[in-house]
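Novice: Quick one: this structure, given as structure tokens, is what I'll be asking you about.
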Amino acid sequence: MIQRIQTLYLFSVTWINCIDFFRANFRIYNCGNQLVSYKATGFYDEGTGNLILVTIPVIIIGAVIIFFYVISIFLFKKRMLQLRLCVLNIILLAGLIGLICYHLIFYIRTVQADDFKIGFSFIIPVIAIILTYLAFRGIRKDEYLVRLSDRIR
């Protein structure tokens, strides 16, 4: 299981998604010099640490993505199901990126923010999509080798 490169890809994607879940993606400066940070759980006031706006869909999709990655790591004997879970995770990650952009635009328009800075963890879903695609290619290659060896017998 662990000697397969796609398992390492899936494990690293699971790890970085768990870390991304708690880091700030954006820092937004409001009109009154209020610094607001956006995490997967919502918008937080940096000065007081209070939660301003909860983003429940992002929490749910993030938890589902992490759950599917953990399951797909242990489905190494069922390669076709593992392939389907990889494709589903890529679709969910693309939806997560769109949802994060929607929340950012919605909040900036609501409070008429002056400036915002994008953090490094905004590109983590893009990195996760790339690593998931690499895992998908490795799983597909393993499935091809198994079918080829079955045909030779």
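Residues are referred to by chain and number: the chain letter is A, B, ... according to the order shown in the structure tokens, the number counts from 1 in that chain, and ligands are numbered separately from 1 in the order shown.
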Would you list the contacts of A:Ala113 as a PyMOL selection string, taking every protein, DNA or RNA residue within 10 Å and counting only C-alpha atoms, but skipping same-chain residues closer than 2 positions in sequence?

Specialist: chain A and resi 28-36+107-111+115-116

Novice: Generate the output file for the selected residues, N, CA and C atoms, as a PDB file, in the first residue's frame.

Specialist:
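Okay, result_36.pdb is ready:
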```pdb
ATOM      1  N   ILE A  28      -8.524  40.796   4.651  1.00  0.00           N
ATOM      2  CA  ILE A  28      -9.289  41.872   4.042  1.00  0.00           C
ATOM      3  C   ILE A  28      -9.234  43.082   4.961  1.00  0.00           C
ATOM      4  N   TYR A  29      -8.922  44.243   4.376  1.00  0.00           N
ATOM      5  CA  TYR A  29      -8.889  45.491   5.141  1.00  0.00           C
ATOM      6  C   TYR A  29     -10.158  46.280   4.832  1.00  0.00           C
ATOM      7  N   ASN A  30     -10.961  46.534   5.867  1.00  0.00           N
ATOM      8  CA  ASN A  30     -12.202  47.281   5.700  1.00  0.00           C
ATOM      9  C   ASN A  30     -11.942  48.773   5.710  1.00  0.00           C
ATOM     10  N   CYS A  31     -13.019  49.527   5.524  1.00  0.00           N
ATOM     11  CA  CYS A  31     -12.921  50.993   5.497  1.00  0.00           C
ATOM     12  C   CYS A  31     -12.397  51.548   6.818  1.00  0.00           C
ATOM     13  N   GLY A  32     -12.812  50.971   7.939  1.00  0.00           N
ATOM     14  CA  GLY A  32     -12.414  51.483   9.241  1.00  0.00           C
ATOM     15  C   GLY A  32     -11.131  50.863   9.771  1.00  0.00           C
ATOM     16  N   ASN A  33     -10.215  50.462   8.902  1.00  0.00           N
ATOM     17  CA  ASN A  33      -8.954  49.820   9.283  1.00  0.00           C
ATOM     18  C   ASN A  33      -9.156  48.549  10.104  1.00  0.00           C
ATOM     19  N   GLN A  34     -10.236  47.864   9.864  1.00  0.00           N
ATOM     20  CA  GLN A  34     -10.493  46.593  10.529  1.00  0.00           C
ATOM     21  C   GLN A  34      -9.916  45.480   9.652  1.00  0.00           C
ATOM     22  N   LEU A  35      -9.116  44.629  10.249  1.00  0.00           N
ATOM     23  CA  LEU A  35      -8.508  43.523   9.518  1.00  0.00           C
ATOM     24  C   LEU A  35      -9.360  42.279   9.726  1.00  0.00           C
ATOM     25  N   VAL A  36      -9.826  41.703   8.628  1.00  0.00           N
ATOM     26  CA  VAL A  36     -10.665  40.515   8.666  1.00  0.00           C
ATOM     27  C   VAL A  36      -9.932  39.412   7.919  1.00  0.00           C
ATOM     28  N   TYR A 107     -18.263  39.088   0.395  1.00  0.00           N
ATOM     29  CA  TYR A 107     -17.886  39.863   1.579  1.00  0.00           C
ATOM     30  C   TYR A 107     -17.266  41.203   1.193  1.00  0.00           C
ATOM     31  N   ILE A 108     -16.445  41.219   0.153  1.00  0.00           N
ATOM     32  CA  ILE A 108     -15.814  42.471  -0.281  1.00  0.00           C
ATOM     33  C   ILE A 108     -16.875  43.466  -0.757  1.00  0.00           C
ATOM     34  N   ARG A 109     -17.875  42.973  -1.479  1.00  0.00           N
ATOM     35  CA  ARG A 109     -18.939  43.870  -1.941  1.00  0.00           C
ATOM     36  C   ARG A 109     -19.839  44.316  -0.791  1.00  0.00           C
ATOM     37  N   THR A 110     -20.044  43.469   0.195  1.00  0.00           N
ATOM     38  CA  THR A 110     -20.918  43.804   1.310  1.00  0.00           C
ATOM     39  C   THR A 110     -20.320  44.903   2.181  1.00  0.00           C
ATOM     40  N   VAL A 111     -19.041  44.819   2.493  1.00  0.00           N
ATOM     41  CA  VAL A 111     -18.428  45.779   3.419  1.00  0.00           C
ATOM     42  C   VAL A 111     -17.623  46.862   2.710  1.00  0.00           C
ATOM     43  N   ASP A 115      -8.840  46.934   0.627  1.00  0.00           N
ATOM     44  CA  ASP A 115      -7.740  46.146   0.092  1.00  0.00           C
ATOM     45  C   ASP A 115      -7.863  44.726   0.620  1.00  0.00           C
ATOM     46  N   PHE A 116      -7.341  43.781  -0.124  1.00  0.00           N
ATOM     47  CA  PHE A 116      -7.274  42.407   0.369  1.00  0.00           C
ATOM     48  C   PHE A 116      -5.991  41.775  -0.113  1.00  0.00           C
TER      49      PHE A 116
END
```

Novice: Where in chain A does DSSP assign alpha helix (DSSP H), given as a PyMOL selection string?

Specialist: chain A and resi 5-20+56-74+79-111+124-152

Novice: In Å to one decimal, how far is atom CA of A:Ile123 from atom CA of A:Lys141?

Specialist: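 If I compute the distance from atom CA of A:Lys141 to atom CA of A:Ile123, I get 27.4 Å.
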
Novice: Got a sec to tell me which of chain A DSSP assigns to strand (DSSP E), as a PyMOL selection string?

Specialist: chain A and resi 26-29+35-39+42-45+51-54+115-118

Novice: Could you write out that same residue set with N, CA and C atoms as a compact mmCIF listing (two decimals), in the first residue's frame?

Specialist:
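Output (out.txt):
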```
# COMPACT_ATOMS: atom_id res chain seq x y z
N PHE A 26 -7.37 34.57 3.18
CA PHE A 26 -7.37 35.97 2.77
C PHE A 26 -7.27 36.85 4.00
N ARG A 27 -6.76 38.03 3.78
CA ARG A 27 -6.81 39.10 4.78
C ARG A 27 -7.44 40.29 4.08
N ILE A 28 -8.52 40.80 4.65
CA ILE A 28 -9.29 41.87 4.04
C ILE A 28 -9.23 43.08 4.96
N TYR A 29 -8.92 44.24 4.38
CA TYR A 29 -8.89 45.49 5.14
C TYR A 29 -10.16 46.28 4.83
N LEU A 35 -9.12 44.63 10.25
CA LEU A 35 -8.51 43.52 9.52
C LEU A 35 -9.36 42.28 9.73
N VAL A 36 -9.83 41.70 8.63
CA VAL A 36 -10.66 40.52 8.67
C VAL A 36 -9.93 39.41 7.92
N SER A 37 -9.87 38.22 8.52
CA SER A 37 -9.24 37.09 7.84
C SER A 37 -10.30 36.05 7.52
N TYR A 38 -10.09 35.37 6.39
CA TYR A 38 -11.02 34.34 5.95
C TYR A 38 -10.35 32.98 6.10
N LYS A 39 -10.99 32.12 6.87
CA LYS A 39 -10.56 30.73 6.98
C LYS A 39 -11.68 29.87 6.42
N GLY A 42 -14.98 30.49 8.30
CA GLY A 42 -15.69 31.75 8.22
C GLY A 42 -14.76 32.95 8.22
N PHE A 43 -15.37 34.12 8.35
CA PHE A 43 -14.64 35.38 8.41
C PHE A 43 -14.43 35.75 9.88
N TYR A 44 -13.20 36.08 10.24
CA TYR A 44 -12.85 36.41 11.62
C TYR A 44 -12.27 37.81 11.70
N ASP A 45 -12.63 38.53 12.76
CA ASP A 45 -12.02 39.83 13.04
C ASP A 45 -10.67 39.55 13.69
N LEU A 51 -15.96 35.71 15.41
CA LEU A 51 -16.46 35.20 14.15
C LEU A 51 -17.48 36.18 13.59
N ILE A 52 -17.28 36.64 12.36
CA ILE A 52 -18.19 37.61 11.75
C ILE A 52 -19.23 36.90 10.91
N LEU A 53 -18.80 35.97 10.07
CA LEU A 53 -19.69 35.28 9.15
C LEU A 53 -19.25 33.82 9.04
N VAL A 54 -20.18 32.91 9.25
CA VAL A 54 -19.89 31.48 9.15
C VAL A 54 -20.11 31.01 7.72
N ASP A 115 -8.84 46.93 0.63
CA ASP A 115 -7.74 46.15 0.09
C ASP A 115 -7.86 44.73 0.62
N PHE A 116 -7.34 43.78 -0.12
CA PHE A 116 -7.27 42.41 0.37
C PHE A 116 -5.99 41.77 -0.11
N LYS A 117 -5.51 40.85 0.68
CA LYS A 117 -4.29 40.12 0.35
C LYS A 117 -4.61 38.63 0.36
N ILE A 118 -4.17 37.97 -0.69
CA ILE A 118 -4.40 36.54 -0.83
C ILE A 118 -3.23 35.81 -0.18
```

Novice: As a list in words, please: the residues near A:Thr41 (cut-off 7 Å, only C-alpha atoms, same-chain neighbours under 6 positions excluded).

Specialist: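 That gives Val54, Thr55, Ile56 and Ile59 of chain A.
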
Novice: Generate a file of the selected residues that holds N, CA and C atoms, formatted as a PDB file, in the first residue's frame.

Specialist:
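Generated file (again_3.pdb):
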```pdb
ATOM      1  N   VAL A  54     -20.177  32.905   9.247  1.00  0.00           N
ATOM      2  CA  VAL A  54     -19.888  31.476   9.154  1.00  0.00           C
ATOM      3  C   VAL A  54     -20.108  31.011   7.719  1.00  0.00           C
ATOM      4  N   THR A  55     -19.183  30.206   7.211  1.00  0.00           N
ATOM      5  CA  THR A  55     -19.307  29.656   5.854  1.00  0.00           C
ATOM      6  C   THR A  55     -19.487  28.145   5.957  1.00  0.00           C
ATOM      7  N   ILE A  56     -20.705  27.737   6.235  1.00  0.00           N
ATOM      8  CA  ILE A  56     -21.007  26.319   6.464  1.00  0.00           C
ATOM      9  C   ILE A  56     -20.789  25.455   5.215  1.00  0.00           C
ATOM     10  N   ILE A  59     -17.203  24.470   5.012  1.00  0.00           N
ATOM     11  CA  ILE A  59     -16.864  23.499   6.055  1.00  0.00           C
ATOM     12  C   ILE A  59     -17.294  22.101   5.635  1.00  0.00           C
TER      13      ILE A  59
END
```

Novice: Set the distance at 8 Å and use only C-alpha atoms: which residues neighbour A:Leu96 once local chain neighbours fewer than 3 positions away are removed? I'd like the list as a PyMOL selection string.

Specialist: chain A and resi 58+61-62+92-93+99-100+125

Novice: Could you save the residues just selected, with N, CA and C atoms, as a PDB file, in the first residue's frame?

Specialist:
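This is the output file out.pdb:
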```pdb
ATOM      1  N   VAL A  58     -18.552  25.663   2.918  1.00  0.00           N
ATOM      2  CA  VAL A  58     -17.113  25.417   2.772  1.00  0.00           C
ATOM      3  C   VAL A  58     -16.656  24.392   3.806  1.00  0.00           C
ATOM      4  N   ILE A  61     -18.011  20.891   2.530  1.00  0.00           N
ATOM      5  CA  ILE A  61     -17.271  20.385   1.366  1.00  0.00           C
ATOM      6  C   ILE A  61     -15.843  20.031   1.755  1.00  0.00           C
ATOM      7  N   GLY A  62     -15.213  20.846   2.592  1.00  0.00           N
ATOM      8  CA  GLY A  62     -13.852  20.540   3.043  1.00  0.00           C
ATOM      9  C   GLY A  62     -13.785  19.243   3.834  1.00  0.00           C
ATOM     10  N   LEU A  92     -14.981  18.185  -6.519  1.00  0.00           N
ATOM     11  CA  LEU A  92     -15.278  18.877  -5.265  1.00  0.00           C
ATOM     12  C   LEU A  92     -14.266  19.991  -4.977  1.00  0.00           C
ATOM     13  N   LEU A  93     -13.008  19.768  -5.286  1.00  0.00           N
ATOM     14  CA  LEU A  93     -11.997  20.812  -5.086  1.00  0.00           C
ATOM     15  C   LEU A  93     -12.241  22.004  -6.004  1.00  0.00           C
ATOM     16  N   LEU A  99     -16.517  28.268  -4.583  1.00  0.00           N
ATOM     17  CA  LEU A  99     -17.250  28.712  -3.395  1.00  0.00           C
ATOM     18  C   LEU A  99     -16.438  29.700  -2.570  1.00  0.00           C
ATOM     19  N   ILE A 100     -15.145  29.465  -2.449  1.00  0.00           N
ATOM     20  CA  ILE A 100     -14.274  30.405  -1.726  1.00  0.00           C
ATOM     21  C   ILE A 100     -14.230  31.750  -2.450  1.00  0.00           C
ATOM     22  N   PRO A 125      -5.835  24.367  -2.734  1.00  0.00           N
ATOM     23  CA  PRO A 125      -6.745  23.514  -3.517  1.00  0.00           C
ATOM     24  C   PRO A 125      -6.269  23.255  -4.938  1.00  0.00           C
TER      25      PRO A 125
END
```

Novice: Can you pull out the residues contacting A:Val70? Cut-off 10 Å, using only C-alpha atoms, and skip same-chain residues under 2 positions away; I want them as a list of chain:residue names.

Specialist: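 Returned residues: A:Leu10, A:Phe11, A:Val13, A:Thr14, A:Trp15, A:Val64, A:Ile65, A:Ile66, A:Phe67, A:Phe68, A:Ser72, A:Ile73, A:Phe74, A:Leu75.
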
Novice: Just how far from atom CA of A:Gln6 is atom CA of A:Ala135, in Å to one decimal?

Specialist: 4.2 Å

Novice: Could you work out how far atom CA of A:Ile19 lies from atom CA of A:Gln82, giving the answer in Å with one decimal?

Specialist: 22.9 Å

Novice: Nearest residue to A:Lys77 out of A:Ile16, A:Ile129, A:Val146, A:Ala94, using only C-alpha atoms?

Specialist: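 Closest to A:Lys77, using only C-alpha atoms: A:Val146.
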